[in-house]
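What follows is a single structure, written as structure tokens, with notes after it.
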Amino acid sequence: MRGGLVVVATAFGVLVGAAGKAEAAGAADEPAAYRMASGATAVQGAENSADRGPELKAGASTYTDSIKPKETKYYTVELDAQSSAYVSAVAVPKAGSAMGLRDGIDVSLQAPDGTQCGTVRHRSFLSVGGAYPVADYAERVVKPGAACGAPGSYRFVVERGDALGGDASAVPIELKYVAEPPQRTESADTLSAPGAWSSQAPPKPPQGAAEGVTGGTGFNDAAELRPGIWRDELRPGDTRFYRVSVDAGEQLFADAEFGGSDKGVPMVIGGVRLGLNNAARGFVMNKTTGYQGKPATVSLATPPAAYGGGAGGGGEAVRGMRFAGWYYLQVSLSPKVRQGSRGAGVPVTLRVDVAGARKADQGVGRSQGSGGHPGGEGGGVGGELVASAGTGPRKEWLRTIGYVGIGTGTTLLLGLGAWALLARRRDG
């Protein structure tokens, strides 16, 4: 975790208050439940593909529904011919519950004629080592030659897997539709994209004492983190959410250091987890490691934000880093840890850094010191000016996407394929 840098633009979730943060700590012995968006509209998705289904509108609206095992739900979204669209689903199993080996959700987008728009995105409840919230979006990215470019009534589809061997109760889902307005001219929006990027964190870690924080229960009450060192405590089955602002051309580096618990805790495969989603709730990456009551660390490093990716190319991490804006870290402790720790809390130290992207052969990226937002005039990337979603001085510029302002439109960085290869080697 290393030198801080200019941090981001977007207003995604900026209006969410701090009220209810204490709920993230949960009851004394039970993990806290996911906090749905205040004022969310309850809907019932159509169960037949021939039915239109309730309309999800782009903007500030958030919707809730539930889905049973092997059930498919259909919703309607209106798309024009110019705007890119990102329609997300967050599936929220009961914290601490056991889920079936084949359980999870698939999300997809279908054109009016039934054409599949891009890839069906699958998120497994067990891919993160326990019954934690999972989220992703289906997208229609407007670019030359892309499918599903015509305006019309599209269908957003959410399908749940087989709950065999796990909790067969209905799972709450939270739905959101974010529209990205037509981009400005290519010359104004295209970022310089030379070469491959390093997945190695800058060499200087954040310094100083850790600051206490209580993570949120979900996207709606996520605690804001600046670059620096933070301290929280999780109980078995807990997932805590934190949001970090990442500007165009910057990489996010994060370590979650889990402290020791009771002696004699059995090894839990995938017992601790560090996940990441973007401003539109799209999946970026997920890292897990085993936990046996001894200190354990999970780390992640992202490609540069807002260098493209769009509907494909470069893998899920590149796709997920499409935007400049809020990125949502999730830190989880498996409910299975309860067997040895008897529900005792486990201390977690978060080391968070945001730094300018470096080429694969560079040792140090742009840096203005560690552990906080920089000031000064360094907010421009490729001529773009951004407004901070957090604190600290910034140049005042913000591109609005729907109501939230996701970020900059860009072209695909081919060199990120090399970044992905380096990252896989590093994780292996």
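Quick note on naming: the chains in the structure tokens go A, B, ... in the order shown, residues restart at 1 in each chain, and ligands are numbered from 1 in order of appearance.
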
Polymer residues at most 9 Å from stretch 77-90 of chain A, only C-alpha atoms, same-chain spacing of 2 or more positions, as a PyMOL selection string: chain A and resi 54-58+75+92+105+107-109+133-143+148-156+158+172-183+280-282

At a cut-off of 6 Å, using only C-alpha atoms, what residues contact stretch 287-295 of chain A? Leave out same-chain residues fewer than 6 positions from it and give the result as a ChimeraX atom specification. /A:258-261,265-274

Let's see if you can do this: from backbone DSSP, list all strand (DSSP E or B) residues in stretch 35-136 of chain A, as an NGL selection string. :A and (41-42 or 46 or 55 or 62-67 or 72-79 or 84-91 or 104-110 or 116 or 121-124 or 134-136)

Skip A:Arg235 itself and residues of its chain fewer than 4 positions away, then list as a PyMOL selection string all residues within 7 Å of it, counting only C-alpha atoms. chain A and resi 31+333+343-346

Separation of atom CA of A:Glu233 from atom CA of A:Ala201, in Å and rounded to one decimal: 24.9 Å

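Among the candidates A:Val298, A:Ala210, A:Ile67, A:Val157, the one nearest to A:Val120 when counting only C-alpha atoms is A:Val157.
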
Pick from A:Glu316, A:Glu250, A:Asp51, A:Glu257 nearest to A:Met285, counting only C-alpha atoms: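 Checking each candidate against A:Met285, we get A:Glu316 as the closest.
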
For A:Pro347, which residue out of A:Ala50, A:Ala95, A:Val331, A:Ala163 is the nearest one, using only C-alpha atoms?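 Among A:Ala50, A:Ala95, A:Val331, A:Ala163, it is A:Val331 that comes nearest to A:Pro347.
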
Write out as a list in words all residues of stretch 66-293 of chain A that backbone DSSP assigns to alpha helix (DSSP H).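 Across stretch 66-293 of chain A, those assigned alpha helix (DSSP H) are Glu186, Ser187, Ala188 and Asp189 of chain A.
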
Save out the residues we just selected, N, CA and C atoms, as a PDB file, in the first residue's frame.
ATOM      1  N   GLU A 186     -14.417  11.892 -29.390  1.00  0.00           N
ATOM      2  CA  GLU A 186     -13.352  10.963 -29.031  1.00  0.00           C
ATOM      3  C   GLU A 186     -12.080  11.693 -28.638  1.00  0.00           C
ATOM      4  N   SER A 187     -11.764  12.781 -29.312  1.00  0.00           N
ATOM      5  CA  SER A 187     -10.539  13.508 -29.001  1.00  0.00           C
ATOM      6  C   SER A 187     -10.556  14.063 -27.588  1.00  0.00           C
ATOM      7  N   ALA A 188     -11.743  14.377 -27.084  1.00  0.00           N
ATOM      8  CA  ALA A 188     -11.843  14.918 -25.725  1.00  0.00           C
ATOM      9  C   ALA A 188     -11.870  13.818 -24.678  1.00  0.00           C
ATOM     10  N   ASP A 189     -12.380  12.632 -25.057  1.00  0.00           N
ATOM     11  CA  ASP A 189     -12.611  11.598 -24.063  1.00  0.00           C
ATOM     12  C   ASP A 189     -11.560  10.500 -24.036  1.00  0.00           C
TER      13      ASP A 189
END

Which one of A:Gln251, A:Ser97, A:Asn48, A:Gln330 sits closest to A:Gly215 if you count only C-alpha atoms? A:Gln330

Close residues, A:Leu329 itself excluded, 8 Å, only C-alpha atoms, min 6 positions apart in chain, as a list in words: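 After dropping sequence-adjacent residues, the list is Phe241, Tyr242, Arg243, Val244, Leu274, Gly275, Leu276 and Asn277 of chain A.
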
Given the selection you just returned, output its residues as a file containing C-alpha atoms, formatted as a short mmCIF file (atom, residue, chain, number, x, y, z; two decimals), in the first residue's frame.
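Once written, part-v8.cif looks like this:
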data_model
loop_
_atom_site.label_atom_id
_atom_site.label_comp_id
_atom_site.auth_asym_id
_atom_site.auth_seq_id
_atom_site.Cartn_x
_atom_site.Cartn_y
_atom_site.Cartn_z
CA PHE A 241 -18.57 -2.32 2.90
CA TYR A 242 -16.26 0.67 2.32
CA ARG A 243 -16.08 3.10 -0.58
CA VAL A 244 -12.90 4.56 -2.04
CA LEU A 274 -11.56 -8.94 0.08
CA GLY A 275 -13.88 -8.06 -2.82
CA LEU A 276 -14.37 -5.04 -5.07
CA ASN A 277 -17.26 -3.61 -7.11
#

So how many Å separate atom CA of A:Lys336 and atom CA of A:Phe283, to one decimal?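 Those two atoms sit 24.4 Å apart.
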
Using only C-alpha atoms, which of the listed residues (A:Arg35, A:Arg319, A:Lys70, A:Arg52) sits closest to A:Arg121?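 Of A:Arg35, A:Arg319, A:Lys70, A:Arg52, the one nearest A:Arg121 is A:Arg319, counting only C-alpha atoms.
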
In Å, with one decimal, what is the gap from atom CA of A:Glu71 to atom CA of A:Arg160?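 Separation between atom CA of A:Glu71 and atom CA of A:Arg160: 5.6 Å.
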